[in-house]
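Below is coords19.txt, which holds compact mmCIF, C-alpha atoms.
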```txt
# COMPACT_ATOMS: atom_id res chain seq x y z
CA MET A 1 -4.32 62.58 27.26
CA LYS A 2 -7.53 62.56 29.29
CA HIS A 3 -5.71 64.22 32.21
CA TYR A 4 -4.43 67.01 29.90
CA THR A 5 -7.92 67.50 28.47
CA LEU A 6 -9.41 67.76 31.95
CA ARG A 7 -6.81 70.34 32.98
CA SER A 8 -7.53 72.29 29.81
CA LEU A 9 -11.24 72.24 30.53
CA ILE A 10 -10.68 73.40 34.09
CA ALA A 11 -8.41 76.23 32.89
CA ALA A 12 -10.91 77.26 30.22
CA ALA A 13 -13.72 77.26 32.76
CA ALA A 14 -11.62 79.40 35.12
CA LEU A 15 -10.90 81.89 32.34
CA MET A 16 -14.58 82.03 31.43
CA THR A 17 -15.54 82.58 35.05
CA ALA A 18 -12.96 85.36 35.39
CA SER A 19 -14.24 86.96 32.19
CA ILE A 20 -17.82 86.87 33.40
CA ALA A 21 -16.80 88.30 36.76
CA HIS A 22 -14.89 91.05 34.98
CA ALA A 23 -17.79 92.03 32.68
CA GLU A 24 -19.69 95.17 33.59
CA THR A 25 -22.95 96.76 32.47
CA LEU A 26 -23.70 100.47 32.81
CA THR A 27 -26.92 102.36 32.14
CA LEU A 28 -26.83 105.64 30.22
CA SER A 29 -29.88 107.90 30.28
CA THR A 30 -30.66 110.56 27.66
CA PRO A 31 -33.46 113.16 27.73
CA ASP A 32 -34.65 112.84 24.12
CA ALA A 33 -36.19 110.35 21.73
CA ASP A 34 -34.55 107.34 20.06
CA THR A 35 -34.02 109.31 16.84
CA SER A 36 -32.61 112.44 18.53
CA GLU A 37 -29.01 113.49 17.94
CA ILE A 38 -28.07 112.89 21.56
CA THR A 39 -29.56 109.40 21.79
CA LEU A 40 -27.93 108.45 18.49
CA ALA A 41 -24.62 109.69 19.92
CA ALA A 42 -25.20 107.73 23.13
CA LYS A 43 -25.72 104.56 21.12
CA LYS A 44 -22.57 105.26 19.10
CA PHE A 45 -20.68 105.75 22.37
CA ALA A 46 -21.97 102.40 23.65
CA GLU A 47 -20.90 100.74 20.40
CA ILE A 48 -17.37 102.16 20.59
CA VAL A 49 -17.00 101.19 24.26
CA SER A 50 -18.08 97.63 23.48
CA SER A 51 -15.58 97.43 20.63
CA LYS A 52 -12.72 98.75 22.78
CA THR A 53 -13.43 96.24 25.57
CA ASN A 54 -14.23 93.19 23.43
CA GLY A 55 -17.80 93.31 24.68
CA GLU A 56 -16.83 93.13 28.35
CA LEU A 57 -18.18 96.62 29.14
CA THR A 58 -21.78 97.05 28.02
CA ILE A 59 -23.66 100.34 28.06
CA LYS A 60 -27.45 100.18 27.86
CA VAL A 61 -29.00 103.41 26.57
CA PHE A 62 -32.38 104.58 27.88
CA PRO A 63 -33.93 107.56 25.98
CA ASN A 64 -36.70 110.03 26.86
CA GLY A 65 -35.58 110.52 30.46
CA THR A 66 -37.34 107.29 31.42
CA LEU A 67 -34.87 106.43 34.18
CA TYR A 68 -35.47 109.72 36.00
CA GLY A 69 -39.16 110.27 35.30
CA GLY A 70 -38.56 113.03 32.74
CA ASP A 71 -37.40 115.49 35.41
CA PRO A 72 -33.92 116.67 34.30
CA SER A 73 -32.91 118.16 37.66
CA ALA A 74 -33.94 114.97 39.41
CA GLY A 75 -31.75 113.09 36.94
CA VAL A 76 -28.68 115.09 37.96
CA LYS A 77 -29.41 114.45 41.63
CA GLN A 78 -29.94 110.73 41.01
CA LEU A 79 -26.65 110.58 39.12
CA ALA A 80 -24.82 112.13 42.08
CA GLY A 81 -26.69 109.85 44.47
CA GLY A 82 -25.82 106.67 42.60
CA SER A 83 -29.22 105.54 41.32
CA LEU A 84 -28.09 106.41 37.78
CA ASP A 85 -24.79 105.18 36.32
CA MET A 86 -24.38 107.67 33.47
CA LEU A 87 -26.36 110.64 32.18
CA LEU A 88 -26.29 112.90 29.15
CA ASN A 89 -27.93 116.26 29.68
CA SER A 90 -27.44 119.86 28.63
CA THR A 91 -25.05 122.42 30.04
CA SER A 92 -28.02 124.81 30.33
CA LEU A 93 -29.49 122.39 32.88
CA TYR A 94 -26.19 122.12 34.79
CA ALA A 95 -26.15 125.92 35.10
CA THR A 96 -28.87 125.41 37.72
CA PHE A 97 -26.24 123.66 39.86
CA ASN A 98 -23.20 125.67 38.74
CA PRO A 99 -23.90 129.11 37.17
CA LYS A 100 -20.52 129.05 35.40
CA PHE A 101 -22.10 126.77 32.78
CA THR A 102 -24.25 129.76 31.78
CA ALA A 103 -21.15 131.28 30.15
CA ILE A 104 -21.46 128.83 27.24
CA ALA A 105 -24.89 130.14 26.31
CA ILE A 106 -24.23 133.88 25.96
CA PRO A 107 -26.23 134.67 22.77
CA TYR A 108 -24.21 135.01 19.57
CA GLN A 109 -20.97 134.41 21.42
CA PHE A 110 -19.60 131.55 19.29
CA ARG A 111 -19.45 132.07 15.53
CA ASP A 112 -19.87 128.35 14.76
CA ILE A 113 -19.75 124.84 16.20
CA GLU A 114 -16.03 124.45 15.53
CA GLN A 115 -15.29 127.40 17.79
CA LEU A 116 -17.62 125.97 20.43
CA ARG A 117 -15.85 122.61 20.21
CA ALA A 118 -12.50 124.34 20.65
CA TYR A 119 -13.85 126.08 23.75
CA LEU A 120 -15.17 122.85 25.26
CA ASP A 121 -11.76 121.26 24.67
CA SER A 122 -9.86 124.23 26.12
CA ASP A 123 -8.74 124.85 29.70
CA LEU A 124 -12.06 126.64 30.25
CA GLY A 125 -14.04 123.60 29.19
CA GLN A 126 -11.84 121.38 31.33
CA GLU A 127 -12.48 123.71 34.28
CA LEU A 128 -16.22 123.28 33.86
CA GLN A 129 -15.82 119.52 33.57
CA SER A 130 -13.69 119.40 36.70
CA ASP A 131 -16.19 121.57 38.60
CA LEU A 132 -18.79 118.82 38.23
CA GLY A 133 -17.01 117.10 41.09
CA ASN A 134 -18.35 119.82 43.39
CA ILE A 135 -21.88 118.47 42.87
CA GLY A 136 -20.85 114.83 43.16
CA ILE A 137 -20.53 113.99 39.45
CA LYS A 138 -17.63 112.64 37.42
CA GLY A 139 -17.39 114.64 34.20
CA VAL A 140 -16.37 112.22 31.46
CA ASP A 141 -16.61 114.68 28.56
CA LEU A 142 -18.39 117.70 27.09
CA TRP A 143 -20.02 117.30 23.67
CA SER A 144 -21.17 120.10 21.39
CA ARG A 145 -24.68 120.30 20.05
CA PRO A 146 -26.04 122.29 17.07
CA LEU A 147 -26.86 125.97 17.51
CA ARG A 148 -30.41 126.77 18.57
CA GLN A 149 -33.31 127.92 16.34
CA ILE A 150 -36.85 129.17 16.99
CA THR A 151 -40.15 127.54 16.03
CA ASN A 152 -43.66 128.89 16.59
CA SER A 153 -47.25 128.65 15.42
CA LYS A 154 -47.91 132.35 14.76
CA LEU A 155 -45.58 133.95 12.18
CA ALA A 156 -42.24 133.91 10.42
CA ILE A 157 -39.78 135.71 12.72
CA THR A 158 -37.51 138.24 11.01
CA SER A 159 -36.92 140.81 13.79
CA PRO A 160 -36.94 141.04 17.59
CA ALA A 161 -40.25 142.92 17.32
CA ASP A 162 -41.87 139.73 15.98
CA MET A 163 -41.23 138.13 19.36
CA LYS A 164 -43.41 140.63 21.23
CA GLY A 165 -46.08 138.85 23.24
CA MET A 166 -45.03 135.41 22.03
CA LYS A 167 -45.27 132.70 24.69
CA LEU A 168 -42.03 130.84 24.18
CA ARG A 169 -40.97 127.71 26.01
CA VAL A 170 -37.36 128.00 27.21
CA PRO A 171 -35.12 125.83 29.41
CA ASN A 172 -35.20 126.47 33.12
CA ASN A 173 -32.33 128.95 32.88
CA PRO A 174 -32.57 132.70 33.60
CA LEU A 175 -30.32 133.64 30.66
CA TRP A 176 -33.01 132.53 28.22
CA VAL A 177 -35.60 134.48 30.20
CA GLU A 178 -33.48 137.65 30.06
CA PHE A 179 -32.70 137.36 26.34
CA PHE A 180 -36.18 136.62 25.05
CA GLY A 181 -37.82 138.86 27.64
CA ALA A 182 -35.75 141.78 26.32
CA MET A 183 -37.47 141.29 22.96
CA GLY A 184 -40.90 141.48 24.52
CA ALA A 185 -41.60 137.75 24.45
CA ALA A 186 -43.12 135.86 27.35
CA PRO A 187 -40.43 133.23 28.04
CA THR A 188 -41.87 130.22 29.84
CA PRO A 189 -39.43 127.78 31.52
CA MET A 190 -40.66 124.23 31.11
CA ALA A 191 -39.25 120.68 31.10
CA PHE A 192 -38.94 119.46 27.53
CA ALA A 193 -41.07 116.41 28.28
CA GLU A 194 -44.04 118.78 28.59
CA VAL A 195 -43.39 120.83 25.44
CA TYR A 196 -45.35 118.90 22.81
CA ASN A 197 -48.57 118.96 24.82
CA ALA A 198 -48.05 122.61 25.77
CA LEU A 199 -47.68 123.53 22.08
CA GLN A 200 -50.64 121.41 21.09
CA LEU A 201 -52.87 123.00 23.75
CA LYS A 202 -51.58 126.52 22.93
CA VAL A 203 -50.22 126.96 26.44
CA VAL A 204 -47.14 128.27 24.63
CA ASP A 205 -46.78 129.50 21.05
CA GLY A 206 -43.29 128.27 20.33
CA GLN A 207 -39.99 126.88 21.54
CA GLU A 208 -36.30 127.05 20.64
CA ASN A 209 -33.84 124.21 20.22
CA PRO A 210 -31.37 122.82 17.70
CA ILE A 211 -33.21 122.19 14.43
CA ASN A 212 -33.13 118.41 14.80
CA VAL A 213 -35.28 118.56 17.94
CA PRO A 214 -38.52 119.56 16.17
CA VAL A 215 -37.90 116.57 13.90
CA SER A 216 -37.22 113.92 16.55
CA ALA A 217 -40.01 115.25 18.80
CA LYS A 218 -42.42 115.67 15.85
CA LEU A 219 -43.05 119.30 16.75
CA TYR A 220 -43.90 119.91 13.09
CA GLU A 221 -47.31 118.49 14.01
CA VAL A 222 -47.95 121.49 16.29
CA GLN A 223 -45.71 124.22 14.83
CA LYS A 224 -45.94 126.16 11.54
CA TYR A 225 -42.80 128.34 11.37
CA ALA A 226 -39.09 127.73 11.93
CA THR A 227 -36.51 130.52 12.00
CA ILE A 228 -32.80 129.75 11.54
CA SER A 229 -31.46 132.26 14.05
CA ASN A 230 -28.39 130.44 15.49
CA HIS A 231 -28.95 132.49 18.62
CA ILE A 232 -27.49 130.40 21.45
CA ALA A 233 -24.86 127.68 21.79
CA ASP A 234 -25.33 124.79 24.16
CA ALA A 235 -23.52 121.55 24.91
CA TRP A 236 -23.98 118.14 26.50
CA VAL A 237 -22.43 116.87 29.72
CA LEU A 238 -21.52 113.20 29.69
CA GLY A 239 -21.61 112.59 33.42
CA MET A 240 -21.08 109.51 35.55
CA ASN A 241 -21.53 108.55 39.17
CA PRO A 242 -18.03 108.84 40.70
CA ALA A 243 -18.25 105.66 42.76
CA ARG A 244 -19.36 103.72 39.72
CA PHE A 245 -16.45 105.13 37.71
CA ASP A 246 -13.92 104.46 40.48
CA GLY A 247 -15.10 100.87 40.71
CA LEU A 248 -14.16 100.12 37.11
CA SER A 249 -10.85 98.63 36.05
CA ASP A 250 -8.22 100.96 34.64
CA SER A 251 -8.74 99.46 31.18
CA PHE A 252 -12.48 100.18 31.34
CA LYS A 253 -11.85 103.74 32.50
CA THR A 254 -9.47 104.28 29.57
CA ALA A 255 -12.02 102.79 27.17
CA LEU A 256 -14.74 105.15 28.43
CA ASN A 257 -12.54 108.23 28.15
CA ASP A 258 -11.23 107.34 24.68
CA ALA A 259 -14.69 106.39 23.41
CA ALA A 260 -16.09 109.70 24.66
CA LYS A 261 -13.53 111.65 22.60
CA GLU A 262 -14.17 109.55 19.51
CA THR A 263 -17.93 109.92 19.90
CA GLU A 264 -17.65 113.71 20.24
CA ALA A 265 -15.88 113.90 16.88
CA TRP A 266 -18.38 111.51 15.27
CA LYS A 267 -21.28 113.49 16.72
CA ALA A 268 -20.06 116.85 15.41
CA GLU A 269 -19.75 115.42 11.92
CA ASN A 270 -23.12 113.68 12.12
CA ASP A 271 -24.84 116.83 13.45
CA ALA A 272 -23.46 118.96 10.62
CA ALA A 273 -24.67 116.49 8.00
CA ASP A 274 -28.11 116.33 9.60
CA ILE A 275 -28.97 120.05 9.58
CA GLU A 276 -30.08 120.29 5.95
CA LYS A 277 -31.86 116.95 6.26
CA SER A 278 -33.78 118.21 9.31
CA ILE A 279 -34.79 121.41 7.53
CA ALA A 280 -36.00 119.36 4.56
CA THR A 281 -38.01 117.12 6.87
CA LEU A 282 -39.70 120.11 8.52
CA LYS A 283 -40.60 121.55 5.11
CA ALA A 284 -41.89 118.18 3.91
CA ASN A 285 -44.19 118.15 6.94
CA GLY A 286 -45.67 121.55 6.19
CA MET A 287 -43.46 123.95 8.12
CA GLU A 288 -42.20 127.22 6.64
CA VAL A 289 -38.49 127.77 7.28
CA ASN A 290 -36.77 131.16 7.01
CA GLU A 291 -33.15 132.05 7.72
CA LEU A 292 -32.23 135.44 9.16
CA THR A 293 -30.25 137.66 6.80
CA ASP A 294 -27.11 139.34 8.12
CA ASP A 295 -29.03 142.59 8.70
CA GLN A 296 -31.88 140.80 10.45
CA ARG A 297 -29.45 138.84 12.59
CA LYS A 298 -27.68 142.05 13.66
CA ALA A 299 -30.87 143.27 15.33
CA PHE A 300 -30.88 140.15 17.54
CA VAL A 301 -27.14 140.50 18.22
CA ASP A 302 -27.76 144.09 19.34
CA VAL A 303 -30.35 142.90 21.87
CA ALA A 304 -27.82 140.46 23.32
CA ALA A 305 -25.10 143.13 23.44
CA GLY A 306 -27.32 145.31 25.61
CA LEU A 307 -27.59 142.54 28.20
CA GLU A 308 -23.87 141.96 28.79
CA GLU A 309 -23.93 143.04 32.44
CA LYS A 310 -26.96 140.88 33.19
CA PHE A 311 -25.36 137.86 31.55
CA SER A 312 -22.19 138.44 33.55
CA ALA A 313 -24.18 138.57 36.77
CA LEU A 314 -25.90 135.27 35.89
CA VAL A 315 -22.55 133.49 35.46
CA LYS A 316 -21.68 134.64 39.02
CA ASP A 317 -17.95 134.38 38.31
CA GLN A 318 -16.59 137.53 36.66
CA SER A 319 -13.19 135.99 35.93
CA PHE A 320 -14.71 132.99 34.17
CA PHE A 321 -17.13 135.21 32.24
CA ASP A 322 -14.28 137.47 31.10
CA ARG A 323 -12.05 134.55 30.13
CA THR A 324 -14.87 132.99 28.13
CA ARG A 325 -15.58 136.25 26.31
CA ALA A 326 -11.86 136.68 25.60
CA PHE A 327 -11.67 133.18 24.15
CA ALA A 328 -14.63 133.88 21.87
CA THR A 329 -13.11 137.08 20.53
CA THR A 330 -9.55 135.83 20.04
CA ASN A 331 -9.97 132.28 18.77
```

How does this structure look as structure tokens?
Amino acid sequence: MKHYTLRSLIAAAALMTASIAHAETLTLSTPDADTSEITLAAKKFAEIVSSKTNGELTIKVFPNGTLYGGDPSAGVKQLAGGSLDMLLNSTSLYATFNPKFTAIAIPYQFRDIEQLRAYLDSDLGQELQSDLGNIGIKGVDLWSRPLRQITNSKLAITSPADMKGMKLRVPNNPLWVEFFGAMGAAPTPMAFAEVYNALQLKVVDGQENPINVPVSAKLYEVQKYATISNHIADAWVLGMNPARFDGLSDSFKTALNDAAKETEAWKAENDAADIEKSIATLKANGMEVNELTDDQRKAFVDVAAGLEEKFSALVKDQSFFDRTRAFATTN
């Protein structure tokens, strides 16, 4: 009996040792605060991965760009270089490395988030995801994010003319510069980590982002007006270091891929439910929120329509630009 017990203990110890050896921990960096939609989604992703692997694959989420010093471009390079395991950042940022990503952000191209999600899941989205390999990154998935809105400290925006002379923080992407510049604004590319202070010090008058961003970043403390313009679509890249991915077991790889798809669906639902809540929070904190009417919106759409050739040139791939535009008009 003692001999059997000893053998059992040895076998149990061996299994425990194998389990410990098999366990893995990955870091996942996000650019925004703990309460932001992307960090909440990252945490949900980590939760689903843990559930699918019985806790053997752990993902630790680090918000606010802390693992890459708040420099988004440096984060992409560190991901490719192997000093980051996983990274969530915007497709507008990745356009710096691959201009084809600019095609997602053509103003007023997608009528709603469901159409954007369909695009990201289409052959075109898969092409973009696959192209990440050209810059040394494993594309795990593409996640939608809410359409973008404008906030500022000067006035309620109802027409392109209201943008004249406005110093507006934009991502470091020339499409934003072209679009807002065409309305007479002074678009100012800037890392998001610098935006709150820039607004507070009046270096810039406003910024544009999905409506949950002014909530999670507390921009209502330094902004007075929010305009629901739905002007540009954007998405998130869930990227991973290829060597880190290749080093995982097949079961872990499957868990990551399946969890990414489940999280994307959860995120879209969560984002939609949060929009009205975010608007209410901005109003409760003293901001005035106005939504463009159909006629007012048409004036902004007309500005974008006049920039078609410039947007095409920024994508730097006429075929991909044309296929994206065709998808948006036929789906």

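In this structure, CA of Glu291 in chain A sits 6.6 Å away from CA of Ser229 in chain A.
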
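Taking CA of Leu307 in chain A as the reference point, CA of Phe179 in chain A is found at 7.5 Å.
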
*Just give me the gap between CA of Leu201 in chain A and CA of Thr91 in chain A in Å, one decimal is fine.*
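Rounded to one decimal, the two atoms are 28.5 Å apart.
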
_Counting only C-alpha atoms, the option among A:Ile150, A:Ile106, A:Ala74, A:Ala23 closest to Glu288 in chain A_ =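 Comparing A:Ile150, A:Ile106, A:Ala74, A:Ala23 against Glu288 in chain A, the winner is A:Ile150.
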
_Excluding Thr281 in chain A and its own-chain neighbours fewer than 5 positions away, which residues fall within 12 Å of it when counting all atoms listed in the file? Please give them as a PyMOL selection string._
chain A and resi 211-216+218-221+226+274-276+286-289

*asked:* Residues within 10 Å of range 42-52 of chain A, please, as a PyMOL selection string. Count only C-alpha atoms; anything in the same chain fewer than 6 positions from it doesn't count.
replied: chain A and resi 26-30+34+36+58-63+87-88+238+251-252+254-264+266-267

_Who sits within 12 Å of Gln126 in chain A, only C-alpha atoms, same chain under 2 positions skipped, as a ChimeraX atom specification_ = /A:101,117-124,128-133,139-143,237

Residue subset to file, keeping C-alpha atoms, as an mmCIF file, in the coordinates of the input:
```cif
data_model
loop_
_atom_site.group_PDB
_atom_site.id
_atom_site.type_symbol
_atom_site.label_atom_id
_atom_site.label_comp_id
_atom_site.auth_asym_id
_atom_site.auth_seq_id
_atom_site.Cartn_x
_atom_site.Cartn_y
_atom_site.Cartn_z
ATOM 1 C CA PHE A 101 -22.100 126.770 32.780
ATOM 2 C CA ARG A 117 -15.850 122.610 20.210
ATOM 3 C CA ALA A 118 -12.500 124.340 20.650
ATOM 4 C CA TYR A 119 -13.850 126.080 23.750
ATOM 5 C CA LEU A 120 -15.170 122.850 25.260
ATOM 6 C CA ASP A 121 -11.760 121.260 24.670
ATOM 7 C CA SER A 122 -9.860 124.230 26.120
ATOM 8 C CA ASP A 123 -8.740 124.850 29.700
ATOM 9 C CA LEU A 124 -12.060 126.640 30.250
ATOM 10 C CA LEU A 128 -16.220 123.280 33.860
ATOM 11 C CA GLN A 129 -15.820 119.520 33.570
ATOM 12 C CA SER A 130 -13.690 119.400 36.700
ATOM 13 C CA ASP A 131 -16.190 121.570 38.600
ATOM 14 C CA LEU A 132 -18.790 118.820 38.230
ATOM 15 C CA GLY A 133 -17.010 117.100 41.090
ATOM 16 C CA GLY A 139 -17.390 114.640 34.200
ATOM 17 C CA VAL A 140 -16.370 112.220 31.460
ATOM 18 C CA ASP A 141 -16.610 114.680 28.560
ATOM 19 C CA LEU A 142 -18.390 117.700 27.090
ATOM 20 C CA TRP A 143 -20.020 117.300 23.670
ATOM 21 C CA VAL A 237 -22.430 116.870 29.720
#
```
